[in-house]
Every structure is written in structure tokens, then in C-alpha cells.
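Data from start25.txt: compact mmCIF, C-alpha atoms
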# COMPACT_ATOMS: atom_id res chain seq x y z
CA MET A 1 -76.35 16.08 14.03
CA VAL A 2 -79.18 16.78 16.49
CA LYS A 3 -79.63 20.47 17.30
CA GLY A 4 -79.89 20.89 21.06
CA PRO A 5 -77.87 22.06 24.06
CA GLY A 6 -74.70 20.31 22.83
CA LEU A 7 -72.22 18.91 25.35
CA TYR A 8 -70.98 20.27 28.67
CA SER A 9 -67.70 21.27 27.02
CA ASP A 10 -69.68 23.71 24.83
CA ILE A 11 -70.49 25.90 27.86
CA GLY A 12 -68.41 29.07 27.48
CA LYS A 13 -66.72 27.81 24.29
CA LYS A 14 -67.53 30.89 22.22
CA SER A 15 -65.78 33.25 24.63
CA ARG A 16 -62.85 30.84 25.16
CA ASP A 17 -62.26 30.64 21.40
CA LEU A 18 -62.38 34.41 21.09
CA LEU A 19 -60.01 35.03 24.02
CA TYR A 20 -57.50 32.18 23.64
CA ARG A 21 -57.73 30.36 20.31
CA ASP A 22 -54.79 30.88 17.88
CA TYR A 23 -52.81 33.00 20.35
CA GLN A 24 -49.31 31.62 20.84
CA VAL A 25 -45.72 32.73 21.42
CA ASP A 26 -44.06 29.75 19.72
CA GLN A 27 -43.26 28.90 16.12
CA LYS A 28 -45.44 26.21 14.56
CA PHE A 29 -45.61 24.73 11.08
CA SER A 30 -47.86 22.00 9.71
CA ILE A 31 -48.54 20.59 6.26
CA THR A 32 -51.29 18.17 5.25
CA THR A 33 -51.43 16.06 2.11
CA TYR A 34 -53.92 13.48 0.85
CA THR A 35 -53.27 10.20 -0.90
CA SER A 36 -55.31 9.01 -3.86
CA SER A 37 -57.28 6.76 -1.50
CA GLY A 38 -58.24 9.71 0.71
CA VAL A 39 -55.82 9.13 3.61
CA ALA A 40 -54.70 12.40 5.21
CA LEU A 41 -51.03 12.75 6.20
CA THR A 42 -49.98 15.66 8.43
CA SER A 43 -46.47 16.63 9.47
CA SER A 44 -46.04 19.34 12.09
CA GLY A 45 -43.29 20.88 14.15
CA ILE A 46 -43.24 23.40 16.98
CA LYS A 47 -40.37 25.33 18.50
CA LYS A 48 -40.71 26.43 22.13
CA GLY A 49 -37.63 28.40 23.07
CA GLU A 50 -34.71 26.10 22.29
CA LEU A 51 -36.87 22.97 22.28
CA LEU A 52 -38.01 21.62 18.92
CA THR A 53 -40.64 18.88 18.74
CA ALA A 54 -42.33 17.27 15.76
CA ASP A 55 -44.95 14.65 14.95
CA VAL A 56 -46.46 12.87 11.99
CA SER A 57 -50.12 11.90 11.94
CA THR A 58 -52.45 10.12 9.57
CA GLN A 59 -56.22 10.01 9.34
CA LEU A 60 -58.26 7.33 7.62
CA LYS A 61 -62.02 7.53 7.16
CA ASN A 62 -64.11 4.50 6.27
CA LYS A 63 -67.86 5.14 6.26
CA ASN A 64 -68.64 6.30 9.83
CA ILE A 65 -65.31 5.18 11.34
CA THR A 66 -62.37 7.58 11.60
CA THR A 67 -58.92 6.37 12.69
CA ASP A 68 -56.24 8.86 13.74
CA VAL A 69 -52.66 7.77 14.42
CA LYS A 70 -49.89 10.16 15.53
CA VAL A 71 -46.20 9.47 16.17
CA ASP A 72 -44.07 12.06 17.99
CA THR A 73 -40.33 12.56 18.39
CA ASN A 74 -40.35 10.58 21.66
CA SER A 75 -41.54 7.46 19.78
CA ASN A 76 -44.99 7.64 21.35
CA VAL A 77 -47.82 6.36 19.17
CA PHE A 78 -51.25 7.90 19.82
CA THR A 79 -54.26 6.17 18.31
CA THR A 80 -57.87 7.37 18.34
CA ILE A 81 -60.77 5.50 16.76
CA THR A 82 -64.05 7.38 16.42
CA ILE A 83 -67.31 5.70 15.46
CA ASP A 84 -69.84 8.34 14.48
CA GLU A 85 -73.50 7.54 15.05
CA PRO A 86 -73.53 3.74 15.46
CA ALA A 87 -77.00 4.73 16.73
CA PRO A 88 -78.77 8.08 16.22
CA GLY A 89 -77.07 10.82 18.26
CA LEU A 90 -74.33 8.51 19.58
CA LYS A 91 -70.57 8.74 19.13
CA THR A 92 -67.99 6.26 20.46
CA ILE A 93 -64.30 7.13 20.92
CA PHE A 94 -61.48 4.70 21.75
CA SER A 95 -57.99 6.04 22.43
CA PHE A 96 -54.67 4.65 23.62
CA LYS A 97 -50.97 5.44 23.59
CA VAL A 98 -48.08 3.05 22.98
CA PRO A 99 -46.00 2.13 24.97
CA ASP A 100 -48.18 3.35 27.91
CA GLN A 101 -50.27 0.30 28.80
CA ARG A 102 -52.49 2.30 31.18
CA SER A 103 -53.46 4.94 28.63
CA GLY A 104 -56.46 3.16 27.08
CA LYS A 105 -59.74 5.06 27.32
CA VAL A 106 -63.26 4.68 25.99
CA GLU A 107 -65.76 7.51 25.74
CA LEU A 108 -69.41 7.69 24.71
CA GLN A 109 -71.13 10.86 23.61
CA TYR A 110 -74.86 11.14 23.16
CA GLN A 111 -76.69 14.22 21.91
CA HIS A 112 -80.44 14.62 22.03
CA GLU A 113 -82.74 17.53 21.24
CA TYR A 114 -82.92 18.35 24.96
CA ALA A 115 -79.80 16.70 26.45
CA GLY A 116 -76.14 15.94 25.90
CA ILE A 117 -74.21 13.26 27.79
CA THR A 118 -70.55 12.25 27.83
CA ALA A 119 -69.28 9.23 29.78
CA GLY A 120 -65.78 7.81 29.74
CA MET A 121 -63.39 5.64 31.70
CA GLY A 122 -59.84 4.38 31.58
CA LEU A 123 -59.27 0.77 30.56
CA THR A 124 -57.47 -0.20 33.76
CA ALA A 125 -58.25 -2.30 36.83
CA ASN A 126 -59.15 0.79 38.89
CA PRO A 127 -60.11 3.45 36.37
CA ILE A 128 -61.07 7.06 36.77
CA VAL A 129 -64.64 7.45 35.52
CA HIS A 130 -65.71 10.71 33.87
CA PHE A 131 -69.27 11.89 33.40
CA SER A 132 -70.78 15.12 32.15
CA GLY A 133 -74.35 15.93 31.29
CA ILE A 134 -76.30 18.93 30.11
CA VAL A 135 -80.05 19.47 29.76
CA GLY A 136 -82.02 22.24 28.11
CA ASN A 137 -82.34 23.48 24.56
CA SER A 138 -80.50 25.70 22.11
CA LEU A 139 -81.49 28.76 24.19
CA LEU A 140 -80.85 27.82 27.84
CA SER A 141 -79.03 24.82 29.29
CA ALA A 142 -77.44 23.65 32.54
CA GLY A 143 -75.15 20.78 33.34
CA THR A 144 -72.48 19.17 35.48
CA ASP A 145 -69.05 17.63 34.96
CA LEU A 146 -67.46 15.19 37.40
CA SER A 147 -64.75 12.54 37.74
CA PHE A 148 -64.66 9.62 40.18
CA ASP A 149 -61.55 7.67 41.17
CA THR A 150 -62.61 4.06 41.70
CA ALA A 151 -59.31 3.25 43.44
CA SER A 152 -59.75 5.78 46.25
CA GLY A 153 -63.52 6.14 46.05
CA ALA A 154 -63.15 9.92 45.84
CA ILE A 155 -64.67 12.49 43.53
CA THR A 156 -61.66 14.17 41.91
CA LYS A 157 -63.53 16.76 39.84
CA LEU A 158 -66.88 18.44 40.30
CA ASN A 159 -68.04 21.34 38.13
CA ALA A 160 -71.41 22.83 37.21
CA GLY A 161 -72.40 25.28 34.49
CA LEU A 162 -75.16 27.36 32.94
CA ASN A 163 -75.30 28.54 29.31
CA PHE A 164 -77.58 31.14 27.69
CA ILE A 165 -77.68 31.75 23.92
CA LYS A 166 -79.87 34.39 22.30
CA ASP A 167 -79.30 35.54 18.72
CA ASP A 168 -75.96 37.41 18.87
CA LEU A 169 -75.32 36.90 22.60
CA VAL A 170 -73.81 34.00 24.57
CA ALA A 171 -73.48 34.18 28.37
CA SER A 172 -72.07 31.42 30.56
CA LEU A 173 -71.60 30.81 34.27
CA THR A 174 -69.59 27.92 35.72
CA LEU A 175 -68.61 26.79 39.21
CA ASN A 176 -65.36 24.82 39.05
CA ASP A 177 -62.79 23.13 41.31
CA LYS A 178 -65.42 21.64 43.63
CA GLY A 179 -66.99 25.03 44.21
CA ASP A 180 -63.78 27.03 44.70
CA THR A 181 -63.76 28.97 41.41
CA LEU A 182 -66.62 30.97 39.92
CA ASN A 183 -66.27 31.83 36.25
CA ALA A 184 -68.50 34.09 34.16
CA SER A 185 -68.06 34.75 30.43
CA TYR A 186 -69.74 36.83 27.77
CA TYR A 187 -69.63 36.77 23.95
CA HIS A 188 -71.41 39.25 21.70
CA ILE A 189 -71.48 39.53 17.90
CA VAL A 190 -71.35 43.24 17.10
CA SER A 191 -71.48 42.92 13.31
CA PRO A 192 -72.09 39.60 11.53
CA LEU A 193 -71.00 41.09 8.18
CA SER A 194 -67.48 41.89 9.40
CA ASN A 195 -67.37 39.04 11.96
CA THR A 196 -66.82 41.65 14.66
CA ALA A 197 -67.28 40.32 18.18
CA VAL A 198 -66.36 41.20 21.74
CA GLY A 199 -66.00 38.92 24.74
CA ALA A 200 -64.93 38.86 28.36
CA GLU A 201 -64.21 36.33 31.06
CA ILE A 202 -63.91 36.90 34.80
CA SER A 203 -62.95 34.34 37.42
CA HIS A 204 -63.00 34.52 41.21
CA SER A 205 -61.18 32.10 43.52
CA PHE A 206 -62.88 31.80 46.91
CA SER A 207 -59.84 30.20 48.57
CA SER A 208 -57.34 32.87 47.50
CA ASN A 209 -59.85 35.72 47.04
CA GLU A 210 -58.20 36.55 43.70
CA ASN A 211 -59.91 37.78 40.56
CA THR A 212 -58.79 37.43 36.94
CA LEU A 213 -60.31 39.34 34.04
CA SER A 214 -59.71 39.01 30.30
CA ILE A 215 -61.32 41.15 27.59
CA GLY A 216 -60.97 40.56 23.85
CA THR A 217 -62.30 41.42 20.43
CA GLN A 218 -62.04 40.28 16.82
CA HIS A 219 -62.72 41.86 13.43
CA ALA A 220 -62.47 40.65 9.85
CA LEU A 221 -60.55 43.11 7.67
CA ASP A 222 -61.76 41.17 4.64
CA PRO A 223 -63.25 37.68 4.06
CA LEU A 224 -59.76 36.12 4.36
CA THR A 225 -58.09 38.21 7.09
CA THR A 226 -58.99 38.45 10.77
CA ILE A 227 -57.41 40.48 13.57
CA LYS A 228 -57.86 39.83 17.28
CA GLY A 229 -56.84 41.61 20.47
CA ARG A 230 -56.86 40.68 24.15
CA VAL A 231 -55.88 42.23 27.47
CA ASN A 232 -56.09 40.94 31.05
CA ASN A 233 -55.90 42.47 34.51
CA SER A 234 -52.29 41.30 35.01
CA GLY A 235 -51.20 43.72 32.30
CA LYS A 236 -50.62 41.23 29.48
CA ALA A 237 -51.77 42.53 26.08
CA SER A 238 -51.91 40.25 23.03
CA ALA A 239 -52.79 40.68 19.37
CA LEU A 240 -52.83 38.52 16.26
CA ILE A 241 -53.53 38.67 12.57
CA GLN A 242 -54.61 35.57 10.65
CA HIS A 243 -54.80 35.32 6.88
CA GLN A 244 -56.22 32.48 4.81
CA PHE A 245 -54.00 32.60 1.72
CA ARG A 246 -55.65 29.56 0.15
CA PRO A 247 -58.61 27.36 1.17
CA LYS A 248 -57.94 25.76 4.59
CA SER A 249 -54.38 27.18 4.69
CA PHE A 250 -53.61 29.85 7.29
CA PHE A 251 -50.79 32.18 8.27
CA THR A 252 -51.02 33.51 11.84
CA LEU A 253 -48.75 36.10 13.46
CA SER A 254 -49.30 36.87 17.13
CA GLY A 255 -47.55 38.84 19.85
CA GLU A 256 -47.72 39.48 23.57
CA VAL A 257 -46.36 42.34 25.66
CA ASP A 258 -46.32 42.89 29.42
CA THR A 259 -47.52 46.46 29.90
CA LYS A 260 -46.28 46.40 33.52
CA ALA A 261 -42.75 45.53 32.36
CA ILE A 262 -42.56 47.32 29.03
CA GLU A 263 -38.76 47.16 29.07
CA LYS A 264 -38.95 43.42 28.47
CA SER A 265 -38.96 42.14 24.89
CA ALA A 266 -42.33 41.30 23.37
CA LYS A 267 -43.07 37.65 22.69
CA VAL A 268 -43.86 36.78 19.09
CA GLY A 269 -45.48 33.63 17.72
CA LEU A 270 -45.82 32.38 14.17
CA ALA A 271 -48.00 29.58 12.83
CA VAL A 272 -48.33 28.31 9.26
CA ALA A 273 -50.83 25.58 8.35
CA LEU A 274 -50.87 24.27 4.78
CA LYS A 275 -53.61 22.10 3.31
CA PRO A 276 -54.25 21.24 -0.35
Before we go any further, please render this structure as C-alpha cells.
Amino acid sequence: MVKGPGLYSDIGKKSRDLLYRDYQVDQKFSITTYTSSGVALTSSGIKKGELLTADVSTQLKNKNITTDVKVDTNSNVFTTITIDEPAPGLKTIFSFKVPDQRSGKVELQYQHEYAGITAGMGLTANPIVHFSGIVGNSLLSAGTDLSFDTASGAITKLNAGLNFIKDDLVASLTLNDKGDTLNASYYHIVSPLSNTAVGAEISHSFSSNENTLSIGTQHALDPLTTIKGRVNNSGKASALIQHQFRPKSFFTLSGEVDTKAIEKSAKVGLAVALKP
């Protein structure tokens, strides 16, 4: 893979992963097995309150082509076909859902030493066209992300972003919702040896004049166990502990409490992912 600015979706990803990844208040279980021919089979279930949903997915890799098929409890069949590097730096993704005849999409991703481009569109008569691009290098990059509705002739999404990466520091600034929301994020590695990091994200809405702030941290107790904590300005405090009890298999316990309504019960989430 070409080392460069990446894609537009990489702007702010480090802080987002620190602040939001693996936090949950539901119960989730997944198990993956592999056939002798290398086909991956994954069964997963998630309980949200009284609602229980499940799905079964399979992944087949043949040279540079990866096919993913997932069937859920509502009899929907999701299929994604990814062709990796049909040309240097290029990736092609086809996706569709059965029985939704309007769900077909095609996406192209191209990564260069000084640029990253993503373009996609729905396979319909009047599709929504998506485009995002970023230019720069592995230190400083800037880009834009937009969507255009060919049926109405209107721009439905327009975002812009700036990303700065220097050694143990990542800082990002994005302007979203057609200029209505300004978002700034920060990620800093305090100690690489213990995987200790801190991060923050602040957003300001110009239309409502509201601010949101989230601050989080993570620390590895040992090479297989990580703890994380997060708090925001609405008074929600969250924490999790994740343990890798065998290669690629994780146990995650997380919780959330509303410090402004401490009399309410804390929310607890549990996730178990098993892989051979």
C-alpha cells in the first residue's frame, strides 16, 4: 500500500477510535471459523434491550478479490465484492442488498503518495454521487467530502477537513454539515511502551450555538489487556476493559453512567469475539 495522506475518512480517525471504538451498552457475541479451503464463516448476535438480532456471514478470498456475503434475521442478503489493486493504488468495491433492487453501489478508491480519492455512486437511474479527495503527505493533508443528488441537482453533503500528524501527535479540524458544524480533535501518545494515549474532540454548531466536548484516555495494563475511559460535557462517563485471551479473540466489558442522574442504573455492555 502506498504511504501518503490516506483517504478523507482517515481525518480524525485516531481520536474517534480512542473515544468511541469498542464502547457499547449491548450484549454482543461473534464466532469465526475457517474451512479447509480458507473460507471464513462468522456467526454473530447482538441483544439491544429486549431485541435480539443475529447474522451469518462468509468471506472468500481469491487472489486480489474478496467476496463478503452476510444474511441477517430479516432475510436480507448483503454482498460486497472488493478488488484490491487491479492497478497500482486502486481498489474497487461493489455492494448490493437483496431484495432491495436500489441498493447497488460501486466505489473506487485510489491512493497515491500525495493524494487519496474516493468516488462512488448508486446503480440507479438517478443516483447519488459521492466524492472525497485529500491531498498532502503523511505529515499534513487537507481534503473535502461531498455528495450530489442527480435527481434534484442538489449537493446533499459538503464537508472539508485538515489533518496534521507529527510523531506522537495527531490533530484534525473539520467543517461539516455544509459549514454548520466545526469539529476539532486531538490524539497524543503519552507512552508507546504501555500504549497510553489521550484524546479529545470538541464540536460547535453555528445554527444552535451548542458545544459538545469529549475527553478520553487508554492504557495497556499488559500486552493483552487494555483499559479505556471517556467523559463528555453532558455528564456521561464511560469505561471499558478489553482482554485478548487468545490470538484475535477478545473479551470486552464496558459501562456507562450519567453523573447528572446518578440514581439511574448504569448501563453495561459485553462483547465476546472468538477466532481460531
Which neighbours of stretch 164-176 of chain A fall inside 7 Å, counting all atoms listed in the file, when residues of the same chain fewer than 3 positions from it are skipped, and could you give them as a list of chain:residue names? A:Ile11, A:Gly12, A:Ser138, A:Leu139, A:Leu140, A:Ser141, A:Leu158, A:Asn159, A:Ala160, A:Gly161, A:Gly179, A:Asp180, A:Thr181, A:Leu182, A:Asn183, A:Ala184, A:Ser185, A:Tyr186, A:Tyr187, A:His188, A:Ile189
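Interatomic distance, atom CA of A:Gly255 against atom CA of A:Gly229: 9.7 Å.
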Polymer residues at most 10 Å from A:Val56, all atoms listed in the file, same-chain spacing of 6 or more positions, as an MDAnalysis selection string: chainID A and resid 30:32 41:45 69:73 77
For the selection just defined, write its residues with C-alpha atoms to a file, as a PDB file, in the coordinates of the input.
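Below is the file out34.pdb, written as the result:
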ATOM      1  CA  SER A  30     -47.860  22.000   9.710  1.00  0.00           C
ATOM      2  CA  ILE A  31     -48.540  20.590   6.260  1.00  0.00           C
ATOM      3  CA  THR A  32     -51.290  18.170   5.250  1.00  0.00           C
ATOM      4  CA  LEU A  41     -51.030  12.750   6.200  1.00  0.00           C
ATOM      5  CA  THR A  42     -49.980  15.660   8.430  1.00  0.00           C
ATOM      6  CA  SER A  43     -46.470  16.630   9.470  1.00  0.00           C
ATOM      7  CA  SER A  44     -46.040  19.340  12.090  1.00  0.00           C
ATOM      8  CA  GLY A  45     -43.290  20.880  14.150  1.00  0.00           C
ATOM      9  CA  VAL A  69     -52.660   7.770  14.420  1.00  0.00           C
ATOM     10  CA  LYS A  70     -49.890  10.160  15.530  1.00  0.00           C
ATOM     11  CA  VAL A  71     -46.200   9.470  16.170  1.00  0.00           C
ATOM     12  CA  ASP A  72     -44.070  12.060  17.990  1.00  0.00           C
ATOM     13  CA  THR A  73     -40.330  12.560  18.390  1.00  0.00           C
ATOM     14  CA  VAL A  77     -47.820   6.360  19.170  1.00  0.00           C
TER      15      VAL A  77
END
Distance cut-off 10 Å, centre (-76.1, 11.2, 18.1) in file coordinates, counting all atoms listed in the file: which residues qualify? Return them as a ChimeraX atom specification. /A:1-3,84-92,109-113,116
With C-alpha atoms retained, export the selected residues as an mmCIF file, in the coordinates of the input.
data_model
loop_
_atom_site.group_PDB
_atom_site.id
_atom_site.type_symbol
_atom_site.label_atom_id
_atom_site.label_comp_id
_atom_site.auth_asym_id
_atom_site.auth_seq_id
_atom_site.Cartn_x
_atom_site.Cartn_y
_atom_site.Cartn_z
ATOM 1 C CA MET A 1 -76.350 16.080 14.030
ATOM 2 C CA VAL A 2 -79.180 16.780 16.490
ATOM 3 C CA LYS A 3 -79.630 20.470 17.300
ATOM 4 C CA ASP A 84 -69.840 8.340 14.480
ATOM 5 C CA GLU A 85 -73.500 7.540 15.050
ATOM 6 C CA PRO A 86 -73.530 3.740 15.460
ATOM 7 C CA ALA A 87 -77.000 4.730 16.730
ATOM 8 C CA PRO A 88 -78.770 8.080 16.220
ATOM 9 C CA GLY A 89 -77.070 10.820 18.260
ATOM 10 C CA LEU A 90 -74.330 8.510 19.580
ATOM 11 C CA LYS A 91 -70.570 8.740 19.130
ATOM 12 C CA THR A 92 -67.990 6.260 20.460
ATOM 13 C CA GLN A 109 -71.130 10.860 23.610
ATOM 14 C CA TYR A 110 -74.860 11.140 23.160
ATOM 15 C CA GLN A 111 -76.690 14.220 21.910
ATOM 16 C CA HIS A 112 -80.440 14.620 22.030
ATOM 17 C CA GLU A 113 -82.740 17.530 21.240
ATOM 18 C CA GLY A 116 -76.140 15.940 25.900
#
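Comparing the minimum interatomic distances between A:Ser254 and each of A:Ser207, A:Thr226, A:Asn233, A:Asn126, counting all atoms listed in the file, we find that A:Thr226 sits nearest.
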Applying 9 Å and only C-alpha atoms, which residues near A:Arg16 remain after dropping the ones on its own chain fewer than 4 positions away? List them as a list in words.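 My reading of the contact set: Gly12, Tyr20, Arg21, Ser185, Gly199, Ala200 and Glu201 of chain A.
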What is the atom CA of A:Asp222 to atom CA of A:Leu274 distance in Å?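 Atom-to-atom, atom CA of A:Asp222 and atom CA of A:Leu274 are spaced 20.1 Å apart.
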Closest of A:Lys275, A:Ala261, A:Leu224, A:Ala125 to A:Tyr34, counting all atoms listed in the file, is A:Lys275
Would you compute the distance between atom CA of A:Asn64 and atom CA of A:Val98? Give it in Å to one decimal.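 Calculated distance between atom CA of A:Asn64 and atom CA of A:Val98 is 24.6 Å.
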Using only C-alpha atoms, which of A:Thr259, A:Gln101, A:Gln244, A:Thr217 sits nearest A:Leu18?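 So, comparing all the options, the nearest one is A:Thr217.
Distance check against A:Lys13 using all atoms listed in the file: of A:Glu107, A:Gly122, A:Asn163, A:Ala154, the minimum falls on A:Asn163.
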First collect every listed atom of stretch 3-21 of chain A; then fit an axis-aligned box around them, widen it by 4 Å on each side, and give centre and edge lengths in Å to one decimal, as lines of an AutoDock Vina configuration file.
center_x = -68.7
center_y = 27.0
center_z = 23.0
size_x = 30.4
size_y = 24.1
size_z = 19.4
Top pick for closest residue to A:Gly133, considering A:Ile262, A:Asp10, A:Ser234, A:Ser249 and counting all atoms listed in the file: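 Of A:Ile262, A:Asp10, A:Ser234, A:Ser249, the one nearest A:Gly133 is A:Asp10, counting all atoms listed in the file.
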Nearest to A:Thr58 among A:Val129, A:Val39, A:Ile202, A:Ile155, with distances taken over all atoms listed in the file: which residue is it? A:Val39
Write out as a short mmCIF file (atom, residue, chain, number, x, y, z; two decimals) with C-alpha atoms, in the coordinates of the input the residues lying within 9 Å of A:Ile93, counting all atoms listed in the file and excluding same-chain residues fewer than 3 positions away.
data_model
loop_
_atom_site.label_atom_id
_atom_site.label_comp_id
_atom_site.auth_asym_id
_atom_site.auth_seq_id
_atom_site.Cartn_x
_atom_site.Cartn_y
_atom_site.Cartn_z
CA THR A 80 -57.87 7.37 18.34
CA ILE A 81 -60.77 5.50 16.76
CA THR A 82 -64.05 7.38 16.42
CA ILE A 83 -67.31 5.70 15.46
CA ASP A 84 -69.84 8.34 14.48
CA LYS A 105 -59.74 5.06 27.32
CA VAL A 106 -63.26 4.68 25.99
CA GLU A 107 -65.76 7.51 25.74
CA LEU A 108 -69.41 7.69 24.71
CA GLN A 109 -71.13 10.86 23.61
CA GLY A 120 -65.78 7.81 29.74
#
Selecting C-alpha atoms, how would stretch 138-149 of chain A from this structure be written as an mmCIF file, in the first residue's frame?
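Output file decode-v7.cif follows:
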data_model
loop_
_atom_site.group_PDB
_atom_site.id
_atom_site.type_symbol
_atom_site.label_atom_id
_atom_site.label_comp_id
_atom_site.auth_asym_id
_atom_site.auth_seq_id
_atom_site.Cartn_x
_atom_site.Cartn_y
_atom_site.Cartn_z
ATOM 1 C CA SER A 138 1.953 11.750 5.740
ATOM 2 C CA LEU A 139 2.559 14.946 7.774
ATOM 3 C CA LEU A 140 -0.074 17.458 6.614
ATOM 4 C CA SER A 141 -3.133 16.945 4.415
ATOM 5 C CA ALA A 142 -6.393 18.655 3.500
ATOM 6 C CA GLY A 143 -9.473 17.429 1.704
ATOM 7 C CA THR A 144 -13.180 17.610 1.000
ATOM 8 C CA ASP A 145 -16.143 15.230 1.075
ATOM 9 C CA LEU A 146 -19.352 15.830 -0.864
ATOM 10 C CA SER A 147 -22.467 14.124 -2.219
ATOM 11 C CA PHE A 148 -24.592 15.189 -5.201
ATOM 12 C CA ASP A 149 -28.176 14.094 -5.849
#
